[in-house]
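The next block is target.pdb, given as PDB, N, CA and C atoms, pLDDT in the B column.
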ATOM      1  N   MET L   1     -40.031 -17.476 -11.365  1.00 42.00           N
ATOM      2  CA  MET L   1     -39.207 -18.391 -12.130  1.00 42.00           C
ATOM      3  C   MET L   1     -40.110 -19.125 -13.116  1.00 42.00           C
ATOM      4  N   SER L   2     -39.667 -19.193 -14.347  1.00 44.00           N
ATOM      5  CA  SER L   2     -40.481 -19.828 -15.375  1.00 44.00           C
ATOM      6  C   SER L   2     -40.374 -21.345 -15.308  1.00 44.00           C
ATOM      7  N   LEU L   3     -41.283 -22.021 -15.980  1.00 43.00           N
ATOM      8  CA  LEU L   3     -41.262 -23.475 -16.052  1.00 43.00           C
ATOM      9  C   LEU L   3     -39.971 -23.957 -16.688  1.00 43.00           C
ATOM     10  N   ALA L   4     -39.480 -23.260 -17.703  1.00 43.00           N
ATOM     11  CA  ALA L   4     -38.222 -23.646 -18.356  1.00 43.00           C
ATOM     12  C   ALA L   4     -37.062 -23.559 -17.376  1.00 43.00           C
ATOM     13  N   ASP L   5     -37.002 -22.516 -16.556  1.00 41.00           N
ATOM     14  CA  ASP L   5     -35.941 -22.391 -15.556  1.00 41.00           C
ATOM     15  C   ASP L   5     -36.012 -23.528 -14.546  1.00 41.00           C
ATOM     16  N   GLN L   6     -37.213 -23.905 -14.150  1.00 46.00           N
ATOM     17  CA  GLN L   6     -37.371 -24.989 -13.188  1.00 46.00           C
ATOM     18  C   GLN L   6     -36.887 -26.306 -13.776  1.00 46.00           C
ATOM     19  N   ALA L   7     -37.121 -26.528 -15.049  1.00 48.00           N
ATOM     20  CA  ALA L   7     -36.733 -27.776 -15.676  1.00 48.00           C
ATOM     21  C   ALA L   7     -35.243 -27.844 -15.947  1.00 48.00           C
ATOM     22  N   PHE L   8     -34.612 -26.727 -16.295  1.00 55.00           N
ATOM     23  CA  PHE L   8     -33.225 -26.756 -16.741  1.00 55.00           C
ATOM     24  C   PHE L   8     -32.235 -26.138 -15.770  1.00 55.00           C
ATOM     25  N   GLY L   9     -32.696 -25.520 -14.726  1.00 73.00           N
ATOM     26  CA  GLY L   9     -31.772 -24.922 -13.783  1.00 73.00           C
ATOM     27  C   GLY L   9     -32.485 -24.289 -12.614  1.00 73.00           C
ATOM     28  N   ALA L  10     -31.696 -23.776 -11.706  1.00 75.00           N
ATOM     29  CA  ALA L  10     -32.236 -23.176 -10.493  1.00 75.00           C
ATOM     30  C   ALA L  10     -32.807 -21.790 -10.738  1.00 75.00           C
ATOM     31  N   GLY L  11     -32.527 -21.191 -11.864  1.00 89.00           N
ATOM     32  CA  GLY L  11     -32.917 -19.822 -12.145  1.00 89.00           C
ATOM     33  C   GLY L  11     -31.664 -18.983 -12.307  1.00 89.00           C
ATOM     34  N   ARG L  12     -31.823 -17.685 -12.173  1.00 94.00           N
ATOM     35  CA  ARG L  12     -30.673 -16.788 -12.321  1.00 94.00           C
ATOM     36  C   ARG L  12     -30.413 -16.107 -10.977  1.00 94.00           C
ATOM     37  N   VAL L  13     -29.192 -16.224 -10.516  1.00 96.00           N
ATOM     38  CA  VAL L  13     -28.793 -15.653  -9.235  1.00 96.00           C
ATOM     39  C   VAL L  13     -28.349 -14.214  -9.454  1.00 96.00           C
ATOM     40  N   GLY L  14     -28.844 -13.329  -8.604  1.00 95.00           N
ATOM     41  CA  GLY L  14     -28.411 -11.939  -8.618  1.00 95.00           C
ATOM     42  C   GLY L  14     -27.845 -11.569  -7.263  1.00 95.00           C
ATOM     43  N   VAL L  15     -26.947 -10.608  -7.249  1.00 96.00           N
ATOM     44  CA  VAL L  15     -26.351 -10.167  -5.988  1.00 96.00           C
ATOM     45  C   VAL L  15     -26.149  -8.660  -6.015  1.00 96.00           C
ATOM     46  N   GLU L  16     -26.421  -8.041  -4.886  1.00 96.00           N
ATOM     47  CA  GLU L  16     -26.127  -6.626  -4.696  1.00 96.00           C
ATOM     48  C   GLU L  16     -24.976  -6.571  -3.692  1.00 96.00           C
ATOM     49  N   ARG L  17     -23.751  -6.522  -4.224  1.00 96.00           N
ATOM     50  CA  ARG L  17     -22.569  -6.565  -3.361  1.00 96.00           C
ATOM     51  C   ARG L  17     -22.526  -5.409  -2.365  1.00 96.00           C
ATOM     52  N   ASP L  18     -23.120  -4.277  -2.716  1.00 96.00           N
ATOM     53  CA  ASP L  18     -23.105  -3.149  -1.780  1.00 96.00           C
ATOM     54  C   ASP L  18     -23.997  -3.396  -0.560  1.00 96.00           C
ATOM     55  N   ARG L  19     -24.884  -4.382  -0.635  1.00 97.00           N
ATOM     56  CA  ARG L  19     -25.728  -4.758   0.513  1.00 97.00           C
ATOM     57  C   ARG L  19     -25.117  -5.887   1.330  1.00 97.00           C
ATOM     58  N   CYS L  20     -24.195  -6.627   0.745  1.00 98.00           N
ATOM     59  CA  CYS L  20     -23.583  -7.792   1.393  1.00 98.00           C
ATOM     60  C   CYS L  20     -22.816  -7.358   2.643  1.00 98.00           C
ATOM     61  N   VAL L  21     -22.982  -8.143   3.729  1.00 98.00           N
ATOM     62  CA  VAL L  21     -22.261  -7.873   4.972  1.00 98.00           C
ATOM     63  C   VAL L  21     -21.183  -8.922   5.246  1.00 98.00           C
ATOM     64  N   GLY L  22     -21.006  -9.863   4.317  1.00 97.00           N
ATOM     65  CA  GLY L  22     -19.947 -10.859   4.453  1.00 97.00           C
ATOM     66  C   GLY L  22     -20.209 -11.934   5.488  1.00 97.00           C
ATOM     67  N   ALA L  23     -21.464 -12.214   5.790  1.00 97.00           N
ATOM     68  CA  ALA L  23     -21.800 -13.225   6.801  1.00 97.00           C
ATOM     69  C   ALA L  23     -21.434 -14.640   6.360  1.00 97.00           C
ATOM     70  N   GLY L  24     -21.434 -14.892   5.059  1.00 97.00           N
ATOM     71  CA  GLY L  24     -21.029 -16.195   4.537  1.00 97.00           C
ATOM     72  C   GLY L  24     -22.092 -17.273   4.578  1.00 97.00           C
ATOM     73  N   GLN L  25     -23.312 -16.931   4.934  1.00 98.00           N
ATOM     74  CA  GLN L  25     -24.378 -17.933   4.992  1.00 98.00           C
ATOM     75  C   GLN L  25     -24.654 -18.547   3.622  1.00 98.00           C
ATOM     76  N   CYS L  26     -24.498 -17.751   2.580  1.00 97.00           N
ATOM     77  CA  CYS L  26     -24.721 -18.251   1.220  1.00 97.00           C
ATOM     78  C   CYS L  26     -23.690 -19.319   0.850  1.00 97.00           C
ATOM     79  N   VAL L  27     -22.461 -19.108   1.260  1.00 98.00           N
ATOM     80  CA  VAL L  27     -21.381 -20.064   0.969  1.00 98.00           C
ATOM     81  C   VAL L  27     -21.637 -21.369   1.713  1.00 98.00           C
ATOM     82  N   LEU L  28     -22.086 -21.270   2.934  1.00 98.00           N
ATOM     83  CA  LEU L  28     -22.396 -22.477   3.705  1.00 98.00           C
ATOM     84  C   LEU L  28     -23.551 -23.255   3.090  1.00 98.00           C
ATOM     85  N   ALA L  29     -24.559 -22.538   2.593  1.00 97.00           N
ATOM     86  CA  ALA L  29     -25.744 -23.187   2.026  1.00 97.00           C
ATOM     87  C   ALA L  29     -25.506 -23.747   0.626  1.00 97.00           C
ATOM     88  N   ALA L  30     -24.736 -23.029  -0.195  1.00 97.00           N
ATOM     89  CA  ALA L  30     -24.535 -23.428  -1.599  1.00 97.00           C
ATOM     90  C   ALA L  30     -23.100 -23.122  -2.036  1.00 97.00           C
ATOM     91  N   PRO L  31     -22.137 -23.899  -1.558  1.00 97.00           N
ATOM     92  CA  PRO L  31     -20.730 -23.620  -1.865  1.00 97.00           C
ATOM     93  C   PRO L  31     -20.357 -23.768  -3.334  1.00 97.00           C
ATOM     94  N   GLY L  32     -21.162 -24.451  -4.104  1.00 95.00           N
ATOM     95  CA  GLY L  32     -20.891 -24.570  -5.526  1.00 95.00           C
ATOM     96  C   GLY L  32     -21.359 -23.375  -6.332  1.00 95.00           C
ATOM     97  N   VAL L  33     -22.113 -22.503  -5.680  1.00 97.00           N
ATOM     98  CA  VAL L  33     -22.697 -21.351  -6.356  1.00 97.00           C
ATOM     99  C   VAL L  33     -22.119 -20.035  -5.834  1.00 97.00           C
ATOM    100  N   PHE L  34     -21.790 -20.004  -4.541  1.00 98.00           N
ATOM    101  CA  PHE L  34     -21.305 -18.775  -3.914  1.00 98.00           C
ATOM    102  C   PHE L  34     -19.936 -18.973  -3.287  1.00 98.00           C
ATOM    103  N   ASP L  35     -19.186 -17.901  -3.222  1.00 98.00           N
ATOM    104  CA  ASP L  35     -17.904 -17.868  -2.521  1.00 98.00           C
ATOM    105  C   ASP L  35     -17.764 -16.471  -1.931  1.00 98.00           C
ATOM    106  N   GLN L  36     -16.749 -16.289  -1.113  1.00 97.00           N
ATOM    107  CA  GLN L  36     -16.469 -14.970  -0.562  1.00 97.00           C
ATOM    108  C   GLN L  36     -15.147 -14.469  -1.110  1.00 97.00           C
ATOM    109  N   ASP L  37     -15.120 -13.212  -1.465  1.00 96.00           N
ATOM    110  CA  ASP L  37     -13.917 -12.575  -1.980  1.00 96.00           C
ATOM    111  C   ASP L  37     -12.850 -12.579  -0.893  1.00 96.00           C
ATOM    112  N   GLU L  38     -11.646 -12.973  -1.246  1.00 95.00           N
ATOM    113  CA  GLU L  38     -10.560 -13.043  -0.272  1.00 95.00           C
ATOM    114  C   GLU L  38     -10.163 -11.671   0.252  1.00 95.00           C
ATOM    115  N   ASP L  39     -10.359 -10.635  -0.537  1.00 96.00           N
ATOM    116  CA  ASP L  39      -9.939  -9.294  -0.126  1.00 96.00           C
ATOM    117  C   ASP L  39     -10.928  -8.613   0.815  1.00 96.00           C
ATOM    118  N   ASP L  40     -12.217  -8.632   0.448  1.00 96.00           N
ATOM    119  CA  ASP L  40     -13.182  -7.888   1.258  1.00 96.00           C
ATOM    120  C   ASP L  40     -14.220  -8.763   1.950  1.00 96.00           C
ATOM    121  N   GLY L  41     -14.218 -10.072   1.691  1.00 96.00           N
ATOM    122  CA  GLY L  41     -15.146 -10.988   2.340  1.00 96.00           C
ATOM    123  C   GLY L  41     -16.556 -10.962   1.793  1.00 96.00           C
ATOM    124  N   LEU L  42     -16.794 -10.161   0.754  1.00 97.00           N
ATOM    125  CA  LEU L  42     -18.137 -10.065   0.185  1.00 97.00           C
ATOM    126  C   LEU L  42     -18.413 -11.211  -0.776  1.00 97.00           C
ATOM    127  N   VAL L  43     -19.683 -11.461  -0.992  1.00 97.00           N
ATOM    128  CA  VAL L  43     -20.123 -12.573  -1.832  1.00 97.00           C
ATOM    129  C   VAL L  43     -19.628 -12.446  -3.267  1.00 97.00           C
ATOM    130  N   ARG L  44     -19.277 -13.594  -3.827  1.00 96.00           N
ATOM    131  CA  ARG L  44     -18.979 -13.733  -5.254  1.00 96.00           C
ATOM    132  C   ARG L  44     -19.861 -14.852  -5.771  1.00 96.00           C
ATOM    133  N   VAL L  45     -20.473 -14.648  -6.917  1.00 96.00           N
ATOM    134  CA  VAL L  45     -21.314 -15.672  -7.531  1.00 96.00           C
ATOM    135  C   VAL L  45     -20.446 -16.498  -8.475  1.00 96.00           C
ATOM    136  N   LEU L  46     -20.395 -17.795  -8.229  1.00 96.00           N
ATOM    137  CA  LEU L  46     -19.599 -18.704  -9.059  1.00 96.00           C
ATOM    138  C   LEU L  46     -20.402 -19.225 -10.243  1.00 96.00           C
ATOM    139  N   ALA L  47     -21.709 -19.324 -10.074  1.00 94.00           N
ATOM    140  CA  ALA L  47     -22.584 -19.842 -11.126  1.00 94.00           C
ATOM    141  C   ALA L  47     -23.841 -18.980 -11.172  1.00 94.00           C
ATOM    142  N   GLU L  48     -23.892 -18.051 -12.120  1.00 93.00           N
ATOM    143  CA  GLU L  48     -25.043 -17.159 -12.236  1.00 93.00           C
ATOM    144  C   GLU L  48     -26.319 -17.924 -12.565  1.00 93.00           C
ATOM    145  N   ARG L  49     -26.184 -19.006 -13.315  1.00 94.00           N
ATOM    146  CA  ARG L  49     -27.328 -19.864 -13.650  1.00 94.00           C
ATOM    147  C   ARG L  49     -27.012 -21.287 -13.181  1.00 94.00           C
ATOM    148  N   PRO L  50     -27.195 -21.558 -11.896  1.00 94.00           N
ATOM    149  CA  PRO L  50     -26.853 -22.868 -11.359  1.00 94.00           C
ATOM    150  C   PRO L  50     -27.725 -23.988 -11.910  1.00 94.00           C
ATOM    151  N   ALA L  51     -27.204 -25.184 -11.840  1.00 93.00           N
ATOM    152  CA  ALA L  51     -27.922 -26.371 -12.309  1.00 93.00           C
ATOM    153  C   ALA L  51     -29.142 -26.637 -11.434  1.00 93.00           C
ATOM    154  N   ALA L  52     -30.088 -27.369 -11.979  1.00 92.00           N
ATOM    155  CA  ALA L  52     -31.314 -27.700 -11.255  1.00 92.00           C
ATOM    156  C   ALA L  52     -31.014 -28.418  -9.951  1.00 92.00           C
ATOM    157  N   ALA L  53     -29.955 -29.199  -9.914  1.00 93.00           N
ATOM    158  CA  ALA L  53     -29.582 -29.928  -8.699  1.00 93.00           C
ATOM    159  C   ALA L  53     -29.238 -28.981  -7.547  1.00 93.00           C
ATOM    160  N   GLU L  54     -28.914 -27.737  -7.857  1.00 93.00           N
ATOM    161  CA  GLU L  54     -28.553 -26.748  -6.842  1.00 93.00           C
ATOM    162  C   GLU L  54     -29.757 -25.927  -6.367  1.00 93.00           C
ATOM    163  N   SER L  55     -30.925 -26.169  -6.931  1.00 93.00           N
ATOM    164  CA  SER L  55     -32.106 -25.331  -6.660  1.00 93.00           C
ATOM    165  C   SER L  55     -32.408 -25.161  -5.182  1.00 93.00           C
ATOM    166  N   ASP L  56     -32.490 -26.249  -4.447  1.00 94.00           N
ATOM    167  CA  ASP L  56     -32.832 -26.168  -3.030  1.00 94.00           C
ATOM    168  C   ASP L  56     -31.761 -25.408  -2.254  1.00 94.00           C
ATOM    169  N   ALA L  57     -30.503 -25.679  -2.556  1.00 96.00           N
ATOM    170  CA  ALA L  57     -29.402 -25.015  -1.854  1.00 96.00           C
ATOM    171  C   ALA L  57     -29.388 -23.520  -2.153  1.00 96.00           C
ATOM    172  N   VAL L  58     -29.644 -23.141  -3.399  1.00 96.00           N
ATOM    173  CA  VAL L  58     -29.653 -21.727  -3.768  1.00 96.00           C
ATOM    174  C   VAL L  58     -30.805 -21.006  -3.077  1.00 96.00           C
ATOM    175  N   ARG L  59     -31.975 -21.617  -3.061  1.00 95.00           N
ATOM    176  CA  ARG L  59     -33.112 -21.009  -2.365  1.00 95.00           C
ATOM    177  C   ARG L  59     -32.810 -20.848  -0.874  1.00 95.00           C
ATOM    178  N   ALA L  60     -32.164 -21.843  -0.285  1.00 96.00           N
ATOM    179  CA  ALA L  60     -31.779 -21.751   1.129  1.00 96.00           C
ATOM    180  C   ALA L  60     -30.788 -20.613   1.350  1.00 96.00           C
ATOM    181  N   ALA L  61     -29.862 -20.446   0.438  1.00 97.00           N
ATOM    182  CA  ALA L  61     -28.873 -19.369   0.545  1.00 97.00           C
ATOM    183  C   ALA L  61     -29.539 -18.005   0.465  1.00 97.00           C
ATOM    184  N   VAL L  62     -30.475 -17.854  -0.450  1.00 96.00           N
ATOM    185  CA  VAL L  62     -31.192 -16.580  -0.597  1.00 96.00           C
ATOM    186  C   VAL L  62     -31.966 -16.273   0.684  1.00 96.00           C
ATOM    187  N   ARG L  63     -32.631 -17.263   1.236  1.00 96.00           N
ATOM    188  CA  ARG L  63     -33.388 -17.068   2.481  1.00 96.00           C
ATOM    189  C   ARG L  63     -32.468 -16.764   3.664  1.00 96.00           C
ATOM    190  N   ALA L  64     -31.291 -17.365   3.694  1.00 97.00           N
ATOM    191  CA  ALA L  64     -30.368 -17.210   4.823  1.00 97.00           C
ATOM    192  C   ALA L  64     -29.595 -15.914   4.821  1.00 97.00           C
ATOM    193  N   CYS L  65     -29.577 -15.214   3.701  1.00 97.00           N
ATOM    194  CA  CYS L  65     -28.787 -13.988   3.598  1.00 97.00           C
ATOM    195  C   CYS L  65     -29.348 -12.917   4.549  1.00 97.00           C
ATOM    196  N   PRO L  66     -28.575 -12.522   5.562  1.00 97.00           N
ATOM    197  CA  PRO L  66     -29.092 -11.562   6.541  1.00 97.00           C
ATOM    198  C   PRO L  66     -29.293 -10.142   6.006  1.00 97.00           C
ATOM    199  N   SER L  67     -28.624  -9.828   4.923  1.00 98.00           N
ATOM    200  CA  SER L  67     -28.735  -8.466   4.379  1.00 98.00           C
ATOM    201  C   SER L  67     -29.676  -8.366   3.184  1.00 98.00           C
ATOM    202  N   GLY L  68     -30.185  -9.510   2.701  1.00 97.00           N
ATOM    203  CA  GLY L  68     -31.077  -9.496   1.551  1.00 97.00           C
ATOM    204  C   GLY L  68     -30.356  -9.147   0.256  1.00 97.00           C
ATOM    205  N   ALA L  69     -29.072  -9.451   0.179  1.00 98.00           N
ATOM    206  CA  ALA L  69     -28.261  -9.092  -0.991  1.00 98.00           C
ATOM    207  C   ALA L  69     -28.456 -10.038  -2.170  1.00 98.00           C
ATOM    208  N   LEU L  70     -29.089 -11.193  -1.945  1.00 97.00           N
ATOM    209  CA  LEU L  70     -29.222 -12.206  -2.999  1.00 97.00           C
ATOM    210  C   LEU L  70     -30.648 -12.273  -3.541  1.00 97.00           C
ATOM    211  N   THR L  71     -30.739 -12.550  -4.838  1.00 95.00           N
ATOM    212  CA  THR L  71     -32.033 -12.772  -5.467  1.00 95.00           C
ATOM    213  C   THR L  71     -31.947 -13.999  -6.356  1.00 95.00           C
ATOM    214  N   LEU L  72     -33.091 -14.606  -6.609  1.00 93.00           N
ATOM    215  CA  LEU L  72     -33.196 -15.739  -7.524  1.00 93.00           C
ATOM    216  C   LEU L  72     -34.406 -15.488  -8.400  1.00 93.00           C
ATOM    217  N   ARG L  73     -34.170 -15.474  -9.710  1.00 91.00           N
ATOM    218  CA  ARG L  73     -35.259 -15.222 -10.680  1.00 91.00           C
ATOM    219  C   ARG L  73     -35.360 -16.343 -11.671  1.00 91.00           C
TER     220      ARG L  73
END

If you convert what's in this file into structure tokens, what do you get?
Amino acid sequence: MSLADQAFGAGRVGVERDRCVGAGQCVLAAPGVFDQDEDDGLVRVLAERPAAAESDAVRAAVRACPSGALTLR
């Protein structure tokens, strides 16, 4: 993550939906950034470039993902 990303936002969130197992840990950690699809239960990204205030929560969500489907750059 660049210095500019750190100053202006949490970075850029990426998701590999085909790896998602629908555990929902990301939603619990960062509900303003992640949600689960009502049809299949897989992750949906609400904010691809979350605000800096969400940085800690987004990092926690990425770490908590049991399938490794989330990335932060």

Going by DSSP on the backbone, which residues of range 10-72 of chain L come out as strand (DSSP E or B)? List them as an MDAnalysis selection string. chainID L and resid 13:15 34:36 43:45 70:72

Determine, counting only C-alpha atoms, which protein, DNA and RNA residues have an atom within 9 Å of an atom of range 38-49 of chain L; residues of the same chain fewer than 2 positions away are not included. Present the result as a count of residues only. 25

Can you measure atom N of Ser67 in chain L to atom C of Pro50 in chain L for me? One decimal in Å is fine.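 Computing the Euclidean distance for atom N of Ser67 in chain L and atom C of Pro50 in chain L yields 22.0 Å.
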
Can you pull out every residue from chain L that DSSP, working from the backbone, puts in alpha helix (DSSP H), and format the result as JSON, numbers by chain? {"L": [3, 4, 5, 6, 7, 8, 25, 26, 27, 28, 29, 55, 56, 57, 58, 59, 60, 61, 62, 63, 64]}

Please, could you write that set of residues out with N, CA and C atoms as a PDB file, in the frame of the given file?
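That gives us part-v3.pdb:
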ATOM      1  N   LEU L   3     -41.283 -22.021 -15.980  1.00 43.00           N
ATOM      2  CA  LEU L   3     -41.262 -23.475 -16.052  1.00 43.00           C
ATOM      3  C   LEU L   3     -39.971 -23.957 -16.688  1.00 43.00           C
ATOM      4  N   ALA L   4     -39.480 -23.260 -17.703  1.00 43.00           N
ATOM      5  CA  ALA L   4     -38.222 -23.646 -18.356  1.00 43.00           C
ATOM      6  C   ALA L   4     -37.062 -23.559 -17.376  1.00 43.00           C
ATOM      7  N   ASP L   5     -37.002 -22.516 -16.556  1.00 41.00           N
ATOM      8  CA  ASP L   5     -35.941 -22.391 -15.556  1.00 41.00           C
ATOM      9  C   ASP L   5     -36.012 -23.528 -14.546  1.00 41.00           C
ATOM     10  N   GLN L   6     -37.213 -23.905 -14.150  1.00 46.00           N
ATOM     11  CA  GLN L   6     -37.371 -24.989 -13.188  1.00 46.00           C
ATOM     12  C   GLN L   6     -36.887 -26.306 -13.776  1.00 46.00           C
ATOM     13  N   ALA L   7     -37.121 -26.528 -15.049  1.00 48.00           N
ATOM     14  CA  ALA L   7     -36.733 -27.776 -15.676  1.00 48.00           C
ATOM     15  C   ALA L   7     -35.243 -27.844 -15.947  1.00 48.00           C
ATOM     16  N   PHE L   8     -34.612 -26.727 -16.295  1.00 55.00           N
ATOM     17  CA  PHE L   8     -33.225 -26.756 -16.741  1.00 55.00           C
ATOM     18  C   PHE L   8     -32.235 -26.138 -15.770  1.00 55.00           C
ATOM     19  N   GLN L  25     -23.312 -16.931   4.934  1.00 98.00           N
ATOM     20  CA  GLN L  25     -24.378 -17.933   4.992  1.00 98.00           C
ATOM     21  C   GLN L  25     -24.654 -18.547   3.622  1.00 98.00           C
ATOM     22  N   CYS L  26     -24.498 -17.751   2.580  1.00 97.00           N
ATOM     23  CA  CYS L  26     -24.721 -18.251   1.220  1.00 97.00           C
ATOM     24  C   CYS L  26     -23.690 -19.319   0.850  1.00 97.00           C
ATOM     25  N   VAL L  27     -22.461 -19.108   1.260  1.00 98.00           N
ATOM     26  CA  VAL L  27     -21.381 -20.064   0.969  1.00 98.00           C
ATOM     27  C   VAL L  27     -21.637 -21.369   1.713  1.00 98.00           C
ATOM     28  N   LEU L  28     -22.086 -21.270   2.934  1.00 98.00           N
ATOM     29  CA  LEU L  28     -22.396 -22.477   3.705  1.00 98.00           C
ATOM     30  C   LEU L  28     -23.551 -23.255   3.090  1.00 98.00           C
ATOM     31  N   ALA L  29     -24.559 -22.538   2.593  1.00 97.00           N
ATOM     32  CA  ALA L  29     -25.744 -23.187   2.026  1.00 97.00           C
ATOM     33  C   ALA L  29     -25.506 -23.747   0.626  1.00 97.00           C
ATOM     34  N   SER L  55     -30.925 -26.169  -6.931  1.00 93.00           N
ATOM     35  CA  SER L  55     -32.106 -25.331  -6.660  1.00 93.00           C
ATOM     36  C   SER L  55     -32.408 -25.161  -5.182  1.00 93.00           C
ATOM     37  N   ASP L  56     -32.490 -26.249  -4.447  1.00 94.00           N
ATOM     38  CA  ASP L  56     -32.832 -26.168  -3.030  1.00 94.00           C
ATOM     39  C   ASP L  56     -31.761 -25.408  -2.254  1.00 94.00           C
ATOM     40  N   ALA L  57     -30.503 -25.679  -2.556  1.00 96.00           N
ATOM     41  CA  ALA L  57     -29.402 -25.015  -1.854  1.00 96.00           C
ATOM     42  C   ALA L  57     -29.388 -23.520  -2.153  1.00 96.00           C
ATOM     43  N   VAL L  58     -29.644 -23.141  -3.399  1.00 96.00           N
ATOM     44  CA  VAL L  58     -29.653 -21.727  -3.768  1.00 96.00           C
ATOM     45  C   VAL L  58     -30.805 -21.006  -3.077  1.00 96.00           C
ATOM     46  N   ARG L  59     -31.975 -21.617  -3.061  1.00 95.00           N
ATOM     47  CA  ARG L  59     -33.112 -21.009  -2.365  1.00 95.00           C
ATOM     48  C   ARG L  59     -32.810 -20.848  -0.874  1.00 95.00           C
ATOM     49  N   ALA L  60     -32.164 -21.843  -0.285  1.00 96.00           N
ATOM     50  CA  ALA L  60     -31.779 -21.751   1.129  1.00 96.00           C
ATOM     51  C   ALA L  60     -30.788 -20.613   1.350  1.00 96.00           C
ATOM     52  N   ALA L  61     -29.862 -20.446   0.438  1.00 97.00           N
ATOM     53  CA  ALA L  61     -28.873 -19.369   0.545  1.00 97.00           C
ATOM     54  C   ALA L  61     -29.539 -18.005   0.465  1.00 97.00           C
ATOM     55  N   VAL L  62     -30.475 -17.854  -0.450  1.00 96.00           N
ATOM     56  CA  VAL L  62     -31.192 -16.580  -0.597  1.00 96.00           C
ATOM     57  C   VAL L  62     -31.966 -16.273   0.684  1.00 96.00           C
ATOM     58  N   ARG L  63     -32.631 -17.263   1.236  1.00 96.00           N
ATOM     59  CA  ARG L  63     -33.388 -17.068   2.481  1.00 96.00           C
ATOM     60  C   ARG L  63     -32.468 -16.764   3.664  1.00 96.00           C
ATOM     61  N   ALA L  64     -31.291 -17.365   3.694  1.00 97.00           N
ATOM     62  CA  ALA L  64     -30.368 -17.210   4.823  1.00 97.00           C
ATOM     63  C   ALA L  64     -29.595 -15.914   4.821  1.00 97.00           C
TER      64      ALA L  64
END

Evaluate the PyMOL selection byres ((chain L and resi 29) around 6) on the structure here and hand back the selected residues as a list of chain:residue names.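 Against this file, the PyMOL selection byres ((chain L and resi 29) around 6) returns the residues L:Gln25, L:Cys26, L:Val27, L:Leu28, L:Ala30, L:Pro31, L:Ala57, L:Val58, L:Ala60, L:Ala61.
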
Centre and edge lengths of an axis-aligned box around all listed atoms of range 18-37 of chain L, with 3 Å added on each side, are to be given in Å to one decimal, as JSON.
{"center_x": -19.3, "center_y": -13.9, "center_z": 0.2, "size_x": 18.9, "size_y": 27.4, "size_z": 19.2}

Some atoms are absent from range 54-65 of chain L, so rebuild N, CA, C and O atoms and return them as an mmCIF file, in the frame of the given file.
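Resulting contents of out-v9.cif:
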data_model
loop_
_atom_site.group_PDB
_atom_site.id
_atom_site.type_symbol
_atom_site.label_atom_id
_atom_site.label_comp_id
_atom_site.auth_asym_id
_atom_site.auth_seq_id
_atom_site.Cartn_x
_atom_site.Cartn_y
_atom_site.Cartn_z
ATOM 1 N N GLU L 54 -28.914 -27.737 -7.857
ATOM 2 C CA GLU L 54 -28.553 -26.748 -6.842
ATOM 3 C C GLU L 54 -29.757 -25.927 -6.367
ATOM 4 O O GLU L 54 -29.618 -25.077 -5.491
ATOM 5 N N SER L 55 -30.925 -26.169 -6.931
ATOM 6 C CA SER L 55 -32.106 -25.331 -6.660
ATOM 7 C C SER L 55 -32.408 -25.161 -5.182
ATOM 8 O O SER L 55 -32.582 -24.042 -4.701
ATOM 9 N N ASP L 56 -32.490 -26.249 -4.447
ATOM 10 C CA ASP L 56 -32.832 -26.168 -3.030
ATOM 11 C C ASP L 56 -31.761 -25.408 -2.254
ATOM 12 O O ASP L 56 -32.081 -24.588 -1.390
ATOM 13 N N ALA L 57 -30.503 -25.679 -2.556
ATOM 14 C CA ALA L 57 -29.402 -25.015 -1.854
ATOM 15 C C ALA L 57 -29.388 -23.520 -2.153
ATOM 16 O O ALA L 57 -29.155 -22.706 -1.251
ATOM 17 N N VAL L 58 -29.644 -23.141 -3.399
ATOM 18 C CA VAL L 58 -29.653 -21.727 -3.768
ATOM 19 C C VAL L 58 -30.805 -21.006 -3.077
ATOM 20 O O VAL L 58 -30.630 -19.911 -2.528
ATOM 21 N N ARG L 59 -31.975 -21.617 -3.061
ATOM 22 C CA ARG L 59 -33.112 -21.009 -2.365
ATOM 23 C C ARG L 59 -32.810 -20.848 -0.874
ATOM 24 O O ARG L 59 -33.139 -19.833 -0.266
ATOM 25 N N ALA L 60 -32.164 -21.843 -0.285
ATOM 26 C CA ALA L 60 -31.779 -21.751 1.129
ATOM 27 C C ALA L 60 -30.788 -20.613 1.350
ATOM 28 O O ALA L 60 -30.872 -19.886 2.346
ATOM 29 N N ALA L 61 -29.862 -20.446 0.438
ATOM 30 C CA ALA L 61 -28.873 -19.369 0.545
ATOM 31 C C ALA L 61 -29.539 -18.005 0.465
ATOM 32 O O ALA L 61 -29.211 -17.100 1.243
ATOM 33 N N VAL L 62 -30.475 -17.854 -0.450
ATOM 34 C CA VAL L 62 -31.192 -16.580 -0.597
ATOM 35 C C VAL L 62 -31.966 -16.273 0.684
ATOM 36 O O VAL L 62 -31.937 -15.149 1.186
ATOM 37 N N ARG L 63 -32.631 -17.263 1.236
ATOM 38 C CA ARG L 63 -33.388 -17.068 2.481
ATOM 39 C C ARG L 63 -32.468 -16.764 3.664
ATOM 40 O O ARG L 63 -32.832 -15.999 4.560
ATOM 41 N N ALA L 64 -31.291 -17.365 3.694
ATOM 42 C CA ALA L 64 -30.368 -17.210 4.823
ATOM 43 C C ALA L 64 -29.595 -15.914 4.821
ATOM 44 O O ALA L 64 -29.016 -15.531 5.838
ATOM 45 N N CYS L 65 -29.577 -15.214 3.701
ATOM 46 C CA CYS L 65 -28.787 -13.988 3.598
ATOM 47 C C CYS L 65 -29.348 -12.917 4.549
ATOM 48 O O CYS L 65 -30.469 -12.451 4.361
#
